[in-house]
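Below is start-v6.txt, holding compact mmCIF, C-alpha atoms.
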# COMPACT_ATOMS: atom_id res chain seq x y z
CA MET T 1 0.00 0.00 0.00
CA LYS T 2 2.80 2.37 0.90
CA THR T 3 4.68 1.77 -2.37
CA ARG T 4 1.53 2.26 -4.39
CA ARG T 5 0.89 5.62 -2.72
CA SER T 6 4.53 6.62 -3.36
CA LEU T 7 4.15 5.62 -7.00
CA VAL T 8 0.98 7.71 -7.36
CA VAL T 9 2.65 10.73 -5.73
CA LEU T 10 5.77 10.31 -7.86
CA SER T 11 3.64 10.00 -11.01
CA GLY T 12 1.73 13.15 -10.05
CA VAL T 13 4.96 15.10 -9.48
CA VAL T 14 6.39 13.91 -12.83
CA LEU T 15 3.15 14.87 -14.59
CA VAL T 16 3.15 18.35 -13.02
CA LEU T 17 6.81 18.84 -14.02
CA LEU T 18 6.11 17.74 -17.59
CA VAL T 19 3.17 20.14 -17.86
CA ALA T 20 5.30 22.98 -16.40
CA VAL T 21 8.16 22.30 -18.83
CA GLY T 22 5.70 22.09 -21.73
CA ALA T 23 4.09 25.39 -20.73
CA LEU T 24 7.50 27.04 -20.41
CA LEU T 25 8.60 25.79 -23.84
CA TYR T 26 5.31 26.99 -25.33
CA ALA T 27 5.67 30.45 -23.74
CA LEU T 28 9.44 30.79 -24.32
CA PRO T 29 9.22 32.58 -27.71
CA THR T 30 6.81 35.16 -26.29
CA ILE T 31 8.97 35.68 -23.22
CA ALA T 32 12.11 35.97 -25.38
CA ARG T 33 10.38 38.52 -27.63
CA HIS T 34 9.32 40.70 -24.69
CA VAL T 35 12.77 40.51 -23.07
CA ALA T 36 14.53 41.33 -26.37
CA VAL T 37 12.29 44.35 -27.03
CA ALA T 38 12.75 45.64 -23.48
CA ARG T 39 16.56 45.21 -23.54
CA LEU T 40 16.94 46.80 -27.00
CA GLN T 41 14.77 49.75 -25.96
CA ALA T 42 16.82 50.18 -22.78
CA ILE T 43 20.12 50.02 -24.69
CA THR T 44 19.15 52.24 -27.63
CA LYS T 45 16.54 54.47 -25.95
CA ARG T 46 14.53 54.09 -29.15
CA PRO T 47 11.21 52.44 -29.98
CA VAL T 48 11.77 48.77 -30.91
CA ALA T 49 9.35 46.22 -32.33
CA ILE T 50 9.72 42.51 -33.08
CA ASP T 51 7.05 40.58 -34.95
CA ARG T 52 7.92 37.06 -33.82
CA VAL T 53 10.66 35.02 -32.15
CA GLU T 54 11.36 31.31 -32.55
CA VAL T 55 13.53 29.51 -29.98
CA ARG T 56 14.76 25.93 -30.34
CA LEU T 57 16.70 25.16 -27.17
CA LEU T 58 17.91 21.67 -28.07
CA THR T 59 19.59 22.83 -31.29
CA GLY T 60 20.64 26.29 -30.01
CA ARG T 61 18.70 28.07 -32.77
CA LEU T 62 17.10 31.49 -32.47
CA THR T 63 15.13 33.25 -35.21
CA ILE T 64 13.84 36.82 -34.96
CA HIS T 65 11.30 37.94 -37.55
CA GLY T 66 10.57 41.60 -38.30
CA LEU T 67 12.94 43.58 -36.06
CA ARG T 68 12.44 47.34 -36.33
CA VAL T 69 14.25 50.16 -34.53
CA ALA T 70 12.88 53.67 -35.00
CA GLU T 71 14.42 57.09 -34.53
CA PRO T 72 14.18 58.38 -30.92
CA ASP T 73 11.02 60.37 -31.72
CA GLY T 74 9.40 57.19 -33.04
CA GLY T 75 8.74 58.64 -36.47
CA ALA T 76 11.17 57.52 -39.13
CA PRO T 77 12.80 54.09 -39.23
CA PHE T 78 16.45 53.81 -38.19
CA ALA T 79 17.15 50.12 -38.78
CA ASP T 80 15.17 47.00 -39.53
CA LEU T 81 15.59 43.50 -40.76
CA GLU T 82 13.32 40.85 -42.15
CA ARG T 83 14.93 37.95 -40.30
CA LEU T 84 17.84 37.16 -38.01
CA ASP T 85 18.87 33.49 -37.80
CA ALA T 86 21.39 32.45 -35.16
CA ARG T 87 22.76 29.08 -34.12
CA LEU T 88 24.74 29.03 -30.87
CA HIS T 89 27.10 26.48 -29.33
CA LEU T 90 25.30 26.20 -25.98
CA PRO T 91 28.00 24.42 -23.90
CA SER T 92 30.39 27.36 -24.43
CA LEU T 93 27.96 29.67 -22.57
CA ALA T 94 28.84 27.84 -19.33
CA ARG T 95 32.44 29.10 -19.76
CA GLY T 96 31.30 32.70 -20.38
CA HIS T 97 32.10 32.47 -24.08
CA ILE T 98 29.51 33.21 -26.76
CA TRP T 99 30.23 30.91 -29.69
CA VAL T 100 27.99 31.74 -32.63
CA ARG T 101 28.08 28.89 -35.10
CA GLU T 102 26.06 30.86 -37.63
CA LEU T 103 24.52 34.33 -37.76
CA MET T 104 22.53 35.42 -40.79
CA LEU T 105 20.85 38.80 -41.28
CA VAL T 106 18.27 38.70 -44.06
CA LYS T 107 17.24 41.98 -45.71
CA PRO T 108 18.62 44.38 -43.11
CA SER T 109 18.32 48.08 -43.78
CA LEU T 110 19.98 51.03 -42.09
CA ARG T 111 19.09 54.71 -42.51
CA ILE T 112 21.96 57.07 -41.72
CA VAL T 113 21.22 60.79 -41.53
CA ARG T 114 23.85 63.52 -41.23
CA LEU T 115 22.45 66.47 -39.33
CA GLU T 116 24.11 69.84 -38.69
CA LYS T 117 26.59 68.72 -36.02
CA ARG T 118 25.97 65.01 -35.58
CA PHE T 119 24.54 61.85 -37.10
CA ASN T 120 21.24 60.19 -36.25
CA PHE T 121 23.18 57.42 -34.47
CA SER T 122 25.45 59.68 -32.36
CA ASP T 123 23.22 59.22 -29.32
CA LEU T 124 23.92 55.46 -29.36
CA PHE T 125 27.56 56.08 -28.42
CA GLN T 126 27.06 58.60 -25.63
CA GLY T 127 27.90 57.11 -22.24
CA SER T 128 28.62 53.67 -23.70
CA GLU T 129 31.80 53.13 -21.67
CA THR T 130 31.42 50.39 -19.10
CA THR T 131 33.70 48.66 -16.65
CA ARG T 132 31.78 45.39 -16.69
CA LYS T 133 33.52 42.29 -17.94
CA ARG T 134 32.63 41.68 -21.55
CA PHE T 135 31.98 38.31 -23.10
CA ASP T 136 34.32 36.78 -25.63
CA ILE T 137 32.43 36.22 -28.88
CA THR T 138 33.43 33.94 -31.74
CA PHE T 139 31.61 33.71 -35.07
CA ASP T 140 32.07 30.63 -37.24
CA ARG T 141 29.95 32.10 -40.04
CA PHE T 142 28.37 35.53 -40.51
CA ALA T 143 26.21 36.35 -43.51
CA LEU T 144 24.37 39.51 -44.49
CA VAL T 145 21.92 38.88 -47.32
CA ASP T 146 20.31 41.59 -49.48
CA GLY T 147 21.17 44.52 -47.21
CA THR T 148 20.41 48.19 -47.78
CA VAL T 149 22.06 51.36 -46.48
CA ALA T 150 20.42 54.72 -47.11
CA PHE T 151 22.39 57.90 -46.40
CA GLU T 152 20.68 61.29 -46.13
CA ASP T 153 22.68 64.49 -45.81
CA HIS T 154 20.59 67.15 -44.09
CA ALA T 155 23.64 69.33 -43.33
CA LEU T 156 23.91 70.56 -46.91
CA PRO T 157 21.91 73.57 -48.10
CA GLU T 158 20.26 71.25 -50.61
CA GLN T 159 19.56 67.89 -48.97
CA ARG T 160 20.89 64.82 -50.75
CA ALA T 161 20.26 61.11 -50.45
CA TRP T 162 22.14 57.99 -51.56
CA THR T 163 21.20 54.35 -51.32
CA SER T 164 23.25 51.21 -51.61
CA ASP T 165 21.24 48.04 -51.88
CA SER T 166 21.68 44.33 -52.59
CA ILE T 167 24.62 44.28 -50.17
CA GLN T 168 26.01 40.78 -49.59
CA ILE T 169 28.61 39.95 -46.94
CA GLU T 170 29.91 36.58 -45.82
CA ALA T 171 32.64 36.08 -43.22
CA HIS T 172 34.06 32.95 -41.60
CA ASN T 173 35.96 32.38 -38.35
CA VAL T 174 35.77 35.89 -36.97
The structure in this file should be written as structure tokens.
Amino acid sequence: MKTRRSLVVLSGVVLVLLVAVGALLYALPTIARHVAVARLQAITKRPVAIDRVEVRLLTGRLTIHGLRVAEPDGGAPFADLERLDARLHLPSLARGHIWVRELMLVKPSLRIVRLEKRFNFSDLFQGSETTRKRFDITFDRFALVDGTVAFEDHALPEQRAWTSDSIQIEAHNV
């Protein structure tokens, strides 16, 4: 009788743990999306939006769909990308080393604006010095696919704009 009761209790605990793990795995992409938006907004002090995040823990894959960063006033876009695919080597995180097996940016775009005495990204570098220990990062493969950079010069009497698109970059062992 005592072993049967122990078996029932153990089965109940295992069932509750399985349901909790399943719920966490189901909610993980939503949690990751909210955390990523909050951290990026805190770092850049700009409005940030992400459409969707996919997380596959067992394979170390992370996919971000529809990342957009706006200018500080929230009006014009500053940077966006259609998709970011990353594959991490998870055991290296235990050693404090970020080992990115693959990072691919698909259709990123960046809008650079020169104003009278600064650029539209100058605020991102103010107060960026930190004394915290930084992580070592290794990239096995980095790819930028179909990128676009738009440059607007508002410091000239007659404003000018240039665009460079279809940018392709691939780097290995960085």
Can you pull out the residues contacting Arg83 of chain T? Cut-off 12 Å, using all atoms listed in the file, and skip same-chain residues under 5 positions away; I want them as a PDB file with C-alpha atoms, keeping the file's coordinate frame.
ATOM      1  CA  ILE T  50       9.720  42.510 -33.080  1.00  0.00           C
ATOM      2  CA  ASP T  51       7.050  40.580 -34.950  1.00  0.00           C
ATOM      3  CA  ARG T  52       7.920  37.060 -33.820  1.00  0.00           C
ATOM      4  CA  VAL T  53      10.660  35.020 -32.150  1.00  0.00           C
ATOM      5  CA  GLU T  54      11.360  31.310 -32.550  1.00  0.00           C
ATOM      6  CA  LEU T  62      17.100  31.490 -32.470  1.00  0.00           C
ATOM      7  CA  THR T  63      15.130  33.250 -35.210  1.00  0.00           C
ATOM      8  CA  ILE T  64      13.840  36.820 -34.960  1.00  0.00           C
ATOM      9  CA  HIS T  65      11.300  37.940 -37.550  1.00  0.00           C
ATOM     10  CA  GLY T  66      10.570  41.600 -38.300  1.00  0.00           C
ATOM     11  CA  LEU T  67      12.940  43.580 -36.060  1.00  0.00           C
ATOM     12  CA  ARG T  68      12.440  47.340 -36.330  1.00  0.00           C
ATOM     13  CA  LEU T 103      24.520  34.330 -37.760  1.00  0.00           C
ATOM     14  CA  MET T 104      22.530  35.420 -40.790  1.00  0.00           C
ATOM     15  CA  LEU T 105      20.850  38.800 -41.280  1.00  0.00           C
ATOM     16  CA  VAL T 106      18.270  38.700 -44.060  1.00  0.00           C
ATOM     17  CA  LYS T 107      17.240  41.980 -45.710  1.00  0.00           C
ATOM     18  CA  PRO T 108      18.620  44.380 -43.110  1.00  0.00           C
ATOM     19  CA  SER T 109      18.320  48.080 -43.780  1.00  0.00           C
ATOM     20  CA  ALA T 143      26.210  36.350 -43.510  1.00  0.00           C
ATOM     21  CA  LEU T 144      24.370  39.510 -44.490  1.00  0.00           C
ATOM     22  CA  VAL T 145      21.920  38.880 -47.320  1.00  0.00           C
ATOM     23  CA  ASP T 146      20.310  41.590 -49.480  1.00  0.00           C
ATOM     24  CA  GLY T 147      21.170  44.520 -47.210  1.00  0.00           C
TER      25      GLY T 147
END
**Message:** As an exercise, work out the distance from atom CA of Gly74 of chain T to atom CA of Glu152 of chain T in Å and give it to one decimal place.
**Reply:**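 According to the coordinates, atom CA of Gly74 of chain T and atom CA of Glu152 of chain T are separated by 17.8 Å.
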**Item:** Shortest interatomic distance to Phe78 of chain T - which of T:Ala150, T:Val100, T:Ala20, T:Val55, counting all atoms listed in the file
**Value:**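 The answer is T:Ala150, which sits nearest to Phe78 of chain T.
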**Asked** Suppose you want the space between atom CA of Ile98 of chain T and atom CA of Ile137 of chain T; what is it in Å?
**Response**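 Atom CA of Ile137 of chain T lies 4.7 Å from atom CA of Ile98 of chain T.
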**Asked** Between T:Trp162, T:Phe135, T:Tyr26, T:Phe142, which is the closest to Ala94 of chain T once you count only C-alpha atoms?
**Response**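 Comparing T:Trp162, T:Phe135, T:Tyr26, T:Phe142 against Ala94 of chain T, the winner is T:Phe135.
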**Prompt:** Between atom CA of Ala42 of chain T and atom CA of Leu90 of chain T, what is the spacing in Å?
**Reply:** 25.6 Å
**Item:** Selected residue of minimal separation from Ser92 of chain T among T:Gln41, T:Thr138, T:Thr163, T:Asn173, counting all atoms listed in the file
**Value:**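 Ranked by minimum distance to Ser92 of chain T, first place goes to T:Thr138.
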**Request:** Find the residue from T:Asp165, T:Glu116, T:Asp153, T:Glu102 that sits nearest to Arg87 of chain T; use all atoms listed in the file when measuring.
**Result:**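 Closest to Arg87 of chain T of all the choices is T:Glu102.
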**Request:** Return the single residue from T:Ile112, T:Ala79, T:Val21, T:Asp140 that is closest to Val174 of chain T, with distances computed using all atoms listed in the file.
**Result:** T:Asp140
**Request:** Mind listing whatever residues come within 9 Å of the point (24.9, 56.7, -38.0)? Use only C-alpha atoms, file coordinates, and give them as a ChimeraX atom specification.
**Result:** /T:78,110-114,118-122,124,151
Could I get segment 61-82 of chain T rebuilt with N, CA and C atoms, written as a PDB file, in the frame of the given file?
ATOM      1  N   ARG T  61      19.118  27.153 -31.694  1.00  0.00           N
ATOM      2  CA  ARG T  61      18.700  28.070 -32.770  1.00  0.00           C
ATOM      3  C   ARG T  61      17.758  29.153 -32.235  1.00  0.00           C
ATOM      4  N   LEU T  62      17.936  30.344 -32.786  1.00  0.00           N
ATOM      5  CA  LEU T  62      17.100  31.490 -32.470  1.00  0.00           C
ATOM      6  C   LEU T  62      16.799  32.208 -33.772  1.00  0.00           C
ATOM      7  N   THR T  63      15.530  32.500 -34.019  1.00  0.00           N
ATOM      8  CA  THR T  63      15.130  33.250 -35.210  1.00  0.00           C
ATOM      9  C   THR T  63      14.263  34.422 -34.772  1.00  0.00           C
ATOM     10  N   ILE T  64      14.623  35.611 -35.235  1.00  0.00           N
ATOM     11  CA  ILE T  64      13.840  36.820 -34.960  1.00  0.00           C
ATOM     12  C   ILE T  64      13.285  37.301 -36.283  1.00  0.00           C
ATOM     13  N   HIS T  65      11.982  37.473 -36.341  1.00  0.00           N
ATOM     14  CA  HIS T  65      11.300  37.940 -37.550  1.00  0.00           C
ATOM     15  C   HIS T  65      10.834  39.381 -37.328  1.00  0.00           C
ATOM     16  N   GLY T  66      11.117  40.247 -38.299  1.00  0.00           N
ATOM     17  CA  GLY T  66      10.570  41.600 -38.300  1.00  0.00           C
ATOM     18  C   GLY T  66      11.063  42.479 -37.163  1.00  0.00           C
ATOM     19  N   LEU T  67      12.366  42.677 -37.063  1.00  0.00           N
ATOM     20  CA  LEU T  67      12.940  43.580 -36.060  1.00  0.00           C
ATOM     21  C   LEU T  67      12.980  44.984 -36.644  1.00  0.00           C
ATOM     22  N   ARG T  68      12.436  45.951 -35.887  1.00  0.00           N
ATOM     23  CA  ARG T  68      12.440  47.340 -36.330  1.00  0.00           C
ATOM     24  C   ARG T  68      12.870  48.246 -35.177  1.00  0.00           C
ATOM     25  N   VAL T  69      13.795  49.153 -35.488  1.00  0.00           N
ATOM     26  CA  VAL T  69      14.250  50.160 -34.530  1.00  0.00           C
ATOM     27  C   VAL T  69      13.973  51.510 -35.173  1.00  0.00           C
ATOM     28  N   ALA T  70      13.260  52.368 -34.460  1.00  0.00           N
ATOM     29  CA  ALA T  70      12.880  53.670 -35.000  1.00  0.00           C
ATOM     30  C   ALA T  70      13.826  54.754 -34.481  1.00  0.00           C
ATOM     31  N   GLU T  71      13.701  55.924 -35.046  1.00  0.00           N
ATOM     32  CA  GLU T  71      14.420  57.090 -34.530  1.00  0.00           C
ATOM     33  C   GLU T  71      13.882  57.390 -33.122  1.00  0.00           C
ATOM     34  N   PRO T  72      14.630  58.133 -32.295  1.00  0.00           N
ATOM     35  CA  PRO T  72      14.180  58.380 -30.920  1.00  0.00           C
ATOM     36  C   PRO T  72      12.780  58.981 -30.805  1.00  0.00           C
ATOM     37  N   ASP T  73      12.369  59.788 -31.781  1.00  0.00           N
ATOM     38  CA  ASP T  73      11.020  60.370 -31.720  1.00  0.00           C
ATOM     39  C   ASP T  73       9.950  59.383 -32.153  1.00  0.00           C
ATOM     40  N   GLY T  74      10.354  58.219 -32.633  1.00  0.00           N
ATOM     41  CA  GLY T  74       9.400  57.190 -33.040  1.00  0.00           C
ATOM     42  C   GLY T  74       8.867  57.343 -34.440  1.00  0.00           C
ATOM     43  N   GLY T  75       9.270  58.384 -35.140  1.00  0.00           N
ATOM     44  CA  GLY T  75       8.740  58.640 -36.470  1.00  0.00           C
ATOM     45  C   GLY T  75       9.357  57.790 -37.555  1.00  0.00           C
ATOM     46  N   ALA T  76      10.516  58.185 -37.997  1.00  0.00           N
ATOM     47  CA  ALA T  76      11.170  57.520 -39.130  1.00  0.00           C
ATOM     48  C   ALA T  76      11.884  56.251 -38.671  1.00  0.00           C
ATOM     49  N   PRO T  77      12.046  55.304 -39.578  1.00  0.00           N
ATOM     50  CA  PRO T  77      12.800  54.090 -39.230  1.00  0.00           C
ATOM     51  C   PRO T  77      14.295  54.393 -39.180  1.00  0.00           C
ATOM     52  N   PHE T  78      14.993  53.714 -38.264  1.00  0.00           N
ATOM     53  CA  PHE T  78      16.450  53.810 -38.190  1.00  0.00           C
ATOM     54  C   PHE T  78      17.076  52.539 -38.773  1.00  0.00           C
ATOM     55  N   ALA T  79      16.622  51.396 -38.298  1.00  0.00           N
ATOM     56  CA  ALA T  79      17.150  50.120 -38.780  1.00  0.00           C
ATOM     57  C   ALA T  79      16.047  49.076 -38.694  1.00  0.00           C
ATOM     58  N   ASP T  80      16.092  48.135 -39.615  1.00  0.00           N
ATOM     59  CA  ASP T  80      15.170  47.000 -39.530  1.00  0.00           C
ATOM     60  C   ASP T  80      15.767  45.820 -40.262  1.00  0.00           C
ATOM     61  N   LEU T  81      15.194  44.680 -40.015  1.00  0.00           N
ATOM     62  CA  LEU T  81      15.590  43.500 -40.760  1.00  0.00           C
ATOM     63  C   LEU T  81      14.420  42.544 -40.832  1.00  0.00           C
ATOM     64  N   GLU T  82      14.397  41.817 -41.935  1.00  0.00           N
ATOM     65  CA  GLU T  82      13.320  40.850 -42.150  1.00  0.00           C
ATOM     66  C   GLU T  82      13.476  39.656 -41.225  1.00  0.00           C
TER      67      GLU T  82
END
